Amino acid sequence: MAAKIQLPLDPPHPARLQSNLGALQKLAPVHLVSTAVGDPAWLVTGYREIKELLADPRLGRSHFDPDNAARSGESALLDGPRGDYETEHKWIATLRSRLQPYFSAGHVKAMRPRVEAMTTDLLDRLAEQGPPADLADALALSLPREVISELLGVPVEERPLLDEWTTAVSDAGDRERSMAGLAGLHGYGRELVARKRTRPGQDVISWLCEDGTLSDEEVAQLAMGVLFAGYETTAAALCVGTALLLDSREQWRALHDNPELAASVAEESVRAVSRLLPPVIRYAREDLEIAGEPVRRGELVMLAIYAANHDEAVFRHADAFDITREDNPHLCFGFGLRYCIGAPLARLELQTAFSQLAQRFPRMRLTVPVEDLTVRPASFAAIPTSIPVVW
Ligand code: HEM
């Protein structure tokens, strides 16, 4: 495998939609690349190919030789093989069957009043504090952190610790820091499970413990997986959505005048956030072909969801942030086998936050051009350093 294209293609930015992936996509749906850490990989950019591969059991997240597998970066959790090669499919089935009931559309619907109240509380605090403010801290990061922590039963005073670990885990440039973050998160998960065993509460960890079929280690693994999967992703979608909306006065006013648009704002923000997230990675479990290219067993395949979500063959004016877009079959929550369990919850949080924010702060505006926003160091999802606003 001799790669010609060096990743990353784009410098990280919290709200820029244009990407060099578009040019690559026009050339071919799959490319041989060298990852940020110099390993060879296949980068897939075509919508159709990515959708098919997401559902293809010949690709997995684990590797038969994890220590020598190609990597996309240094993050211990995100950029290399994960899970046990022999039992991967069994574990996905366990994970989905145990978690799905707590994140189903029906269960999430029942959570609506609580999520609305939590959003109102955060916006009350923002109003009380007065302008200027940082919307990333005041709302976009706080809401997903509070929602997921409450669901899992993480005590309020322990929540700030989570930030430290999740940020360290995501560090794509420092494997040691990332591994220490992962160890911290899992250690905390085990401790929390032990506490819930003796003093159960009304939360997902306690319910998983009651299930009786999972070991403490498995409950901790599921819980910390949910925490990680549900926090920065949703925060990044809220960040990019609010920044792009505030940058477009016309769309901000349209949302204020018609709160029903919050659902399509949420979808468009999720489509946009894929620019901020790393590609989904897989390892070939057997030899296969992708768009005519021969992929060998064990090779790294990177699925550029952002390229798929901006494929002009599927999305009209793909690079525009358009909250009136009607047909939006983005792949941001994945597809098939591993489709995001938290999609209904993420949608609820996004819709609630956007509609309340525009209703309560119609005059809110950014104090810097959206282009000038910068990225927090080592955040895996290109979270902005701040979203400075006044109203
Ligand atoms: C905008 C926010 C979110 C985005 C963009 C997102 C994206 C994704 C994607 C792309 C996958 C599939 C990964 C793969 O195929 O390897 C996934 C899986 C997953 N997501 Fe989300 N997610 C979001 C929010 C959430 C939330 C709020 C939760 C909380 C419950 C969550 C929990 C999960 C879990 C547990 C999986 C693993 C499913 C499996 O491995 O079978 N996600 N997510």
# chains A, B, ... in the order shown; residues from 1 in each chain; ligands from 1
call {"tool": "residues_near_ligand", "arguments": {"ligand": "ligand 1", "cutoff": "8 Å", "atoms": "only C-alpha atoms and all ligand atoms", "output": "MDAnalysis selection string"}}
result
chainID A and resid 54 61 92:93 95:96 99 103 144 148 222 225:238 270 273:274 277 280:282 305 331:335 337:347
call {"tool": "write_last_selection", "arguments": {"atoms": "N, CA and C atoms", "output": "short mmCIF file (atom, residue, chain, number, x, y, z; two decimals), in the first residue's frame"}}
result
data_model
loop_
_atom_site.label_atom_id
_atom_site.label_comp_id
_atom_site.auth_asym_id
_atom_site.auth_seq_id
_atom_site.Cartn_x
_atom_site.Cartn_y
_atom_site.Cartn_z
N LEU A 54 -21.03 1.08 6.12
CA LEU A 54 -21.47 1.19 7.51
C LEU A 54 -22.29 -0.03 7.93
N ARG A 61 -14.68 -3.00 14.11
CA ARG A 61 -13.96 -1.95 14.85
C ARG A 61 -12.73 -2.54 15.55
N ILE A 92 -21.57 -6.21 20.31
CA ILE A 92 -22.47 -5.18 19.74
C ILE A 92 -23.92 -5.55 20.06
N ALA A 93 -24.23 -6.85 19.92
CA ALA A 93 -25.61 -7.28 20.19
C ALA A 93 -25.95 -7.05 21.67
N LEU A 95 -24.53 -4.85 23.74
CA LEU A 95 -24.59 -3.40 23.97
C LEU A 95 -25.94 -2.84 23.51
N ARG A 96 -26.35 -3.24 22.33
CA ARG A 96 -27.58 -2.66 21.77
C ARG A 96 -28.81 -3.16 22.55
N LEU A 99 -28.84 -1.36 26.06
CA LEU A 99 -28.98 0.11 26.11
C LEU A 99 -30.24 0.64 25.43
N PHE A 103 -33.01 4.39 25.54
CA PHE A 103 -32.80 5.49 24.59
C PHE A 103 -33.76 5.40 23.41
N PRO A 144 -25.63 18.97 27.13
CA PRO A 144 -25.38 17.53 26.95
C PRO A 144 -24.68 16.89 28.15
N ILE A 148 -26.67 13.81 30.05
CA ILE A 148 -26.12 12.46 30.06
C ILE A 148 -25.71 12.07 31.48
N LEU A 222 -20.23 -0.08 29.39
CA LEU A 222 -21.39 0.47 28.67
C LEU A 222 -21.65 1.92 29.08
N GLY A 225 -19.04 4.30 27.85
CA GLY A 225 -19.20 4.40 26.39
C GLY A 225 -20.31 5.39 26.05
N VAL A 226 -21.43 5.29 26.77
CA VAL A 226 -22.56 6.19 26.54
C VAL A 226 -22.16 7.63 26.87
N LEU A 227 -21.46 7.77 27.98
CA LEU A 227 -21.04 9.10 28.41
C LEU A 227 -20.17 9.75 27.32
N PHE A 228 -19.23 8.98 26.84
CA PHE A 228 -18.30 9.52 25.85
C PHE A 228 -19.03 9.78 24.52
N ALA A 229 -19.86 8.80 24.11
CA ALA A 229 -20.54 8.93 22.81
C ALA A 229 -21.56 10.05 22.80
N GLY A 230 -22.14 10.34 23.99
CA GLY A 230 -23.27 11.27 24.00
C GLY A 230 -22.92 12.70 24.37
N TYR A 231 -21.70 12.94 24.79
CA TYR A 231 -21.39 14.26 25.32
C TYR A 231 -20.82 15.21 24.25
N GLU A 232 -19.56 14.97 23.86
CA GLU A 232 -18.92 15.95 22.97
C GLU A 232 -19.56 16.02 21.58
N THR A 233 -20.12 14.89 21.12
CA THR A 233 -20.77 14.89 19.81
C THR A 233 -21.95 15.88 19.80
N THR A 234 -22.81 15.74 20.81
CA THR A 234 -23.99 16.61 20.89
C THR A 234 -23.57 18.05 21.16
N ALA A 235 -22.55 18.21 22.02
CA ALA A 235 -22.05 19.56 22.31
C ALA A 235 -21.54 20.22 21.03
N ALA A 236 -20.81 19.46 20.22
CA ALA A 236 -20.26 20.02 18.98
C ALA A 236 -21.38 20.41 18.01
N ALA A 237 -22.43 19.57 17.95
CA ALA A 237 -23.55 19.91 17.05
C ALA A 237 -24.25 21.18 17.52
N LEU A 238 -24.37 21.34 18.85
CA LEU A 238 -24.98 22.56 19.39
C LEU A 238 -24.09 23.77 19.10
N VAL A 270 -26.59 18.70 12.68
CA VAL A 270 -25.97 17.38 12.75
C VAL A 270 -25.23 17.10 11.42
N VAL A 273 -22.07 19.01 11.68
CA VAL A 273 -21.09 18.63 12.70
C VAL A 273 -20.14 17.54 12.19
N SER A 274 -20.54 16.85 11.15
CA SER A 274 -19.65 15.78 10.67
C SER A 274 -18.33 16.35 10.15
N LEU A 277 -16.10 16.24 13.29
CA LEU A 277 -15.80 14.95 13.92
C LEU A 277 -14.81 14.16 13.07
N VAL A 280 -15.39 7.96 10.77
CA VAL A 280 -15.66 6.68 11.45
C VAL A 280 -14.63 5.68 10.93
N ILE A 281 -14.02 4.91 11.82
CA ILE A 281 -13.01 3.98 11.31
C ILE A 281 -13.45 2.52 11.44
N ARG A 282 -12.90 1.70 10.52
CA ARG A 282 -13.19 0.27 10.48
C ARG A 282 -11.92 -0.47 10.06
N ILE A 305 -17.65 10.63 6.81
CA ILE A 305 -19.09 10.91 6.87
C ILE A 305 -19.37 12.33 6.34
N LEU A 331 -25.74 10.98 7.08
CA LEU A 331 -25.30 9.72 7.71
C LEU A 331 -24.59 10.00 9.03
N CYS A 332 -24.90 11.15 9.62
CA CYS A 332 -24.13 11.56 10.79
C CYS A 332 -24.30 10.63 11.99
N PHE A 333 -25.43 9.97 12.09
CA PHE A 333 -25.62 9.02 13.18
C PHE A 333 -25.24 7.60 12.76
N GLY A 334 -24.53 7.48 11.64
CA GLY A 334 -24.13 6.17 11.15
C GLY A 334 -25.30 5.51 10.42
N PHE A 335 -25.17 4.20 10.21
CA PHE A 335 -26.20 3.46 9.48
C PHE A 335 -26.01 1.97 9.75
N LEU A 337 -25.72 -1.67 11.35
CA LEU A 337 -25.33 -2.40 12.57
C LEU A 337 -25.10 -1.56 13.81
N ARG A 338 -24.41 -0.43 13.62
CA ARG A 338 -24.00 0.37 14.78
C ARG A 338 -24.71 1.71 14.82
N TYR A 339 -25.85 1.82 14.15
CA TYR A 339 -26.56 3.11 14.10
C TYR A 339 -26.66 3.69 15.52
N CYS A 340 -26.42 4.99 15.63
CA CYS A 340 -26.32 5.65 16.94
C CYS A 340 -27.55 5.40 17.82
N ILE A 341 -27.29 4.84 18.98
CA ILE A 341 -28.37 4.56 19.94
C ILE A 341 -28.94 5.86 20.51
N GLY A 342 -28.10 6.90 20.57
CA GLY A 342 -28.52 8.14 21.21
C GLY A 342 -29.14 9.15 20.26
N ALA A 343 -29.42 8.76 19.00
CA ALA A 343 -29.94 9.75 18.03
C ALA A 343 -31.23 10.44 18.53
N PRO A 344 -32.22 9.70 19.06
CA PRO A 344 -33.43 10.40 19.54
C PRO A 344 -33.12 11.40 20.66
N LEU A 345 -32.18 11.03 21.54
CA LEU A 345 -31.84 11.93 22.65
C LEU A 345 -31.11 13.17 22.12
N ALA A 346 -30.15 12.95 21.22
CA ALA A 346 -29.41 14.10 20.65
C ALA A 346 -30.39 15.05 19.97
N ARG A 347 -31.34 14.48 19.22
CA ARG A 347 -32.33 15.33 18.52
C ARG A 347 -33.16 16.13 19.51
#
call {"tool": "residues_around", "arguments": {"residues": "A:Pro14", "least_positions_apart": "3", "cutoff": "10 Å", "atoms": "only C-alpha atoms", "output": "JSON, numbers by chain"}}
result
{"A": [17, 236, 237, 239, 240, 243, 244, 272, 273, 275, 276, 277, 370, 371, 372, 373, 374, 375, 376, 381, 382, 383, 384, 385, 386, 387]}
call {"tool": "closest_atom_pairs", "arguments": {"of": "stretch 289-367 of chain A", "to": "stretch 111-135 of chain A", "cutoff": "9 Å", "atoms": "only C-alpha atoms", "output": "Markdown table"}}
result
| residue | atom | partner | partner_atom | distance |
| --- | --- | --- | --- | --- |
| A:Leu345 | CA | A:Met111 | CA | 8.7 |
| A:Leu348 | CA | A:Arg112 | CA | 7.0 |
| A:Glu349 | CA | A:Val115 | CA | 6.8 |
| A:Thr352 | CA | A:Glu116 | CA | 6.2 |
| A:Ala353 | CA | A:Thr119 | CA | 6.3 |
| A:Gln356 | CA | A:Thr120 | CA | 7.5 |
| A:Leu357 | CA | A:Leu123 | CA | 7.5 |
| A:Arg360 | CA | A:Leu123 | CA | 8.2 |
| A:Phe361 | CA | A:Ala127 | CA | 8.8 |
| A:Thr367 | CA | A:Pro132 | CA | 8.6 |
call {"tool": "atom_distance", "arguments": {"atom1": "atom CA of A:Val204", "atom2": "atom CA of A:Glu218"}}
result
13.3 Å
call {"tool": "residues_around", "arguments": {"residues": "A:His89", "least_positions_apart": "5", "cutoff": "9 Å", "atoms": "only C-alpha atoms", "output": "list in words"}}
result
Pro57, Gly60 and Thr94 of chain A
call {"tool": "residues_around", "arguments": {"residues": "A:Ala70", "least_positions_apart": "6", "cutoff": "8 Å", "atoms": "only C-alpha atoms", "output": "PyMOL selection string"}}
result
chain A and resi 39-41+80+299-300
call {"tool": "atom_distance", "arguments": {"atom1": "atom CA of A:Ala284", "atom2": "atom CA of A:Pro8"}}
result
21.7 Å
call {"tool": "atom_distance", "arguments": {"atom1": "atom CA of A:Val108", "atom2": "atom CA of A:Gly201"}}
result
18.5 Å
call {"tool": "select_by_dssp", "arguments": {"residues": "stretch 95-283 of chain A", "states": "strand (DSSP E)", "output": "PyMOL selection string"}}
result
chain A and resi 133-134+280-283
call {"tool": "closest_residue", "arguments": {"among": "A:Ala180, A:Ala320, A:Ala105, A:Leu185", "to": "A:Leu161", "atoms": "only C-alpha atoms"}}
result
A:Leu185
call {"tool": "residues_around", "arguments": {"residues": "A:Val193", "least_positions_apart": "6", "cutoff": "9 Å", "atoms": "only C-alpha atoms", "output": "JSON, numbers by chain"}}
result
{"A": [205, 206, 209, 216, 217, 219, 220, 223]}
call {"tool": "write_last_selection", "arguments": {"atoms": "N, CA and C atoms", "output": "PDB file, in the first residue's frame"}}
result
ATOM      1  N   ILE A 205     -27.385   3.404  35.032  1.00  0.00           N
ATOM      2  CA  ILE A 205     -26.393   2.477  35.610  1.00  0.00           C
ATOM      3  C   ILE A 205     -27.076   1.529  36.597  1.00  0.00           C
ATOM      4  N   SER A 206     -27.954   2.078  37.439  1.00  0.00           N
ATOM      5  CA  SER A 206     -28.653   1.222  38.406  1.00  0.00           C
ATOM      6  C   SER A 206     -29.521   0.189  37.680  1.00  0.00           C
ATOM      7  N   CYS A 209     -27.428  -2.533  36.316  1.00  0.00           N
ATOM      8  CA  CYS A 209     -26.987  -3.415  37.404  1.00  0.00           C
ATOM      9  C   CYS A 209     -28.094  -4.407  37.741  1.00  0.00           C
ATOM     10  N   ASP A 216     -19.958  -6.208  36.605  1.00  0.00           N
ATOM     11  CA  ASP A 216     -19.692  -4.804  36.946  1.00  0.00           C
ATOM     12  C   ASP A 216     -18.839  -4.155  35.861  1.00  0.00           C
ATOM     13  N   GLU A 217     -17.854  -4.927  35.385  1.00  0.00           N
ATOM     14  CA  GLU A 217     -16.941  -4.410  34.366  1.00  0.00           C
ATOM     15  C   GLU A 217     -17.723  -4.053  33.088  1.00  0.00           C
ATOM     16  N   VAL A 219     -20.977  -3.310  32.868  1.00  0.00           N
ATOM     17  CA  VAL A 219     -21.850  -2.144  33.111  1.00  0.00           C
ATOM     18  C   VAL A 219     -21.007  -0.866  33.020  1.00  0.00           C
ATOM     19  N   ALA A 220     -19.816  -0.902  33.638  1.00  0.00           N
ATOM     20  CA  ALA A 220     -18.959   0.290  33.624  1.00  0.00           C
ATOM     21  C   ALA A 220     -18.567   0.633  32.178  1.00  0.00           C
ATOM     22  N   ALA A 223     -21.593   2.146  30.395  1.00  0.00           N
ATOM     23  CA  ALA A 223     -21.931   3.475  30.916  1.00  0.00           C
ATOM     24  C   ALA A 223     -20.930   4.523  30.436  1.00  0.00           C
TER      25      ALA A 223
END
call {"tool": "decode", "arguments": {"residues": "stretch 77-154 of chain A", "atoms": "C-alpha atoms", "output": "mmCIF file, in the first residue's frame"}}
result
data_model
loop_
_atom_site.group_PDB
_atom_site.id
_atom_site.type_symbol
_atom_site.label_atom_id
_atom_site.label_comp_id
_atom_site.auth_asym_id
_atom_site.auth_seq_id
_atom_site.Cartn_x
_atom_site.Cartn_y
_atom_site.Cartn_z
ATOM 1 C CA LEU A 77 -10.361 5.146 22.085
ATOM 2 C CA LEU A 78 -11.070 6.713 18.721
ATOM 3 C CA ASP A 79 -8.107 6.256 16.431
ATOM 4 C CA GLY A 80 -7.204 2.573 16.639
ATOM 5 C CA PRO A 81 -8.720 -0.877 17.072
ATOM 6 C CA ARG A 82 -11.298 -1.282 19.815
ATOM 7 C CA GLY A 83 -12.813 -4.374 21.393
ATOM 8 C CA ASP A 84 -12.141 -8.073 21.137
ATOM 9 C CA TYR A 85 -11.774 -9.484 17.606
ATOM 10 C CA GLU A 86 -13.425 -12.840 18.361
ATOM 11 C CA THR A 87 -16.433 -11.482 20.255
ATOM 12 C CA GLU A 88 -17.033 -8.131 18.550
ATOM 13 C CA HIS A 89 -20.397 -8.999 17.000
ATOM 14 C CA LYS A 90 -21.631 -10.627 20.193
ATOM 15 C CA TRP A 91 -20.647 -7.516 22.169
ATOM 16 C CA ILE A 92 -22.470 -5.180 19.735
ATOM 17 C CA ALA A 93 -25.610 -7.283 20.194
ATOM 18 C CA THR A 94 -25.246 -7.141 24.015
ATOM 19 C CA LEU A 95 -24.589 -3.399 23.966
ATOM 20 C CA ARG A 96 -27.581 -2.663 21.772
ATOM 21 C CA SER A 97 -30.039 -4.956 23.524
ATOM 22 C CA ARG A 98 -29.166 -3.597 26.987
ATOM 23 C CA LEU A 99 -28.981 0.112 26.113
ATOM 24 C CA GLN A 100 -31.678 0.503 23.477
ATOM 25 C CA PRO A 101 -34.662 0.367 25.896
ATOM 26 C CA TYR A 102 -33.397 3.464 27.763
ATOM 27 C CA PHE A 103 -32.802 5.487 24.594
ATOM 28 C CA SER A 104 -35.778 4.430 22.473
ATOM 29 C CA ALA A 105 -38.010 7.098 20.913
ATOM 30 C CA GLY A 106 -40.717 6.378 23.532
ATOM 31 C CA HIS A 107 -38.360 6.622 26.498
ATOM 32 C CA VAL A 108 -36.812 9.803 25.141
ATOM 33 C CA LYS A 109 -40.263 11.341 24.596
ATOM 34 C CA ALA A 110 -40.922 10.907 28.301
ATOM 35 C CA MET A 111 -37.678 12.785 29.003
ATOM 36 C CA ARG A 112 -38.812 15.880 27.078
ATOM 37 C CA PRO A 113 -40.182 17.855 30.071
ATOM 38 C CA ARG A 114 -36.977 17.274 32.037
ATOM 39 C CA VAL A 115 -34.706 18.282 29.129
ATOM 40 C CA GLU A 116 -36.860 21.382 28.568
ATOM 41 C CA ALA A 117 -36.566 22.294 32.255
ATOM 42 C CA MET A 118 -32.789 21.804 32.232
ATOM 43 C CA THR A 119 -32.492 24.026 29.146
ATOM 44 C CA THR A 120 -34.676 26.691 30.768
ATOM 45 C CA ASP A 121 -32.478 26.622 33.897
ATOM 46 C CA LEU A 122 -29.313 27.122 31.870
ATOM 47 C CA LEU A 123 -30.895 29.995 29.915
ATOM 48 C CA ASP A 124 -32.210 31.576 33.145
ATOM 49 C CA ARG A 125 -28.649 31.585 34.427
ATOM 50 C CA LEU A 126 -27.417 33.084 31.153
ATOM 51 C CA ALA A 127 -30.053 35.855 31.335
ATOM 52 C CA GLU A 128 -29.227 36.544 34.982
ATOM 53 C CA GLN A 129 -25.508 36.752 34.287
ATOM 54 C CA GLY A 130 -26.149 39.156 31.361
ATOM 55 C CA PRO A 131 -24.050 39.906 28.271
ATOM 56 C CA PRO A 132 -21.335 39.357 27.157
ATOM 57 C CA ALA A 133 -21.295 35.561 27.544
ATOM 58 C CA ASP A 134 -19.741 32.422 26.156
ATOM 59 C CA LEU A 135 -22.516 30.314 24.641
ATOM 60 C CA ALA A 136 -20.269 27.248 24.346
ATOM 61 C CA ASP A 137 -19.893 27.013 28.127
ATOM 62 C CA ALA A 138 -23.271 28.450 29.076
ATOM 63 C CA LEU A 139 -25.338 26.095 26.925
ATOM 64 C CA ALA A 140 -23.708 23.982 24.221
ATOM 65 C CA LEU A 141 -21.393 21.990 26.498
ATOM 66 C CA SER A 142 -23.433 22.252 29.678
ATOM 67 C CA LEU A 143 -26.715 20.851 28.373
ATOM 68 C CA PRO A 144 -25.383 17.526 26.948
ATOM 69 C CA ARG A 145 -23.086 17.070 29.969
ATOM 70 C CA GLU A 146 -25.948 17.610 32.441
ATOM 71 C CA VAL A 147 -28.425 15.452 30.507
ATOM 72 C CA ILE A 148 -26.120 12.458 30.062
ATOM 73 C CA SER A 149 -24.795 12.739 33.639
ATOM 74 C CA GLU A 150 -28.295 12.815 35.100
ATOM 75 C CA LEU A 151 -29.358 9.848 32.986
ATOM 76 C CA LEU A 152 -26.390 7.814 34.156
ATOM 77 C CA GLY A 153 -26.721 8.976 37.758
ATOM 78 C CA VAL A 154 -23.408 10.867 37.982
#
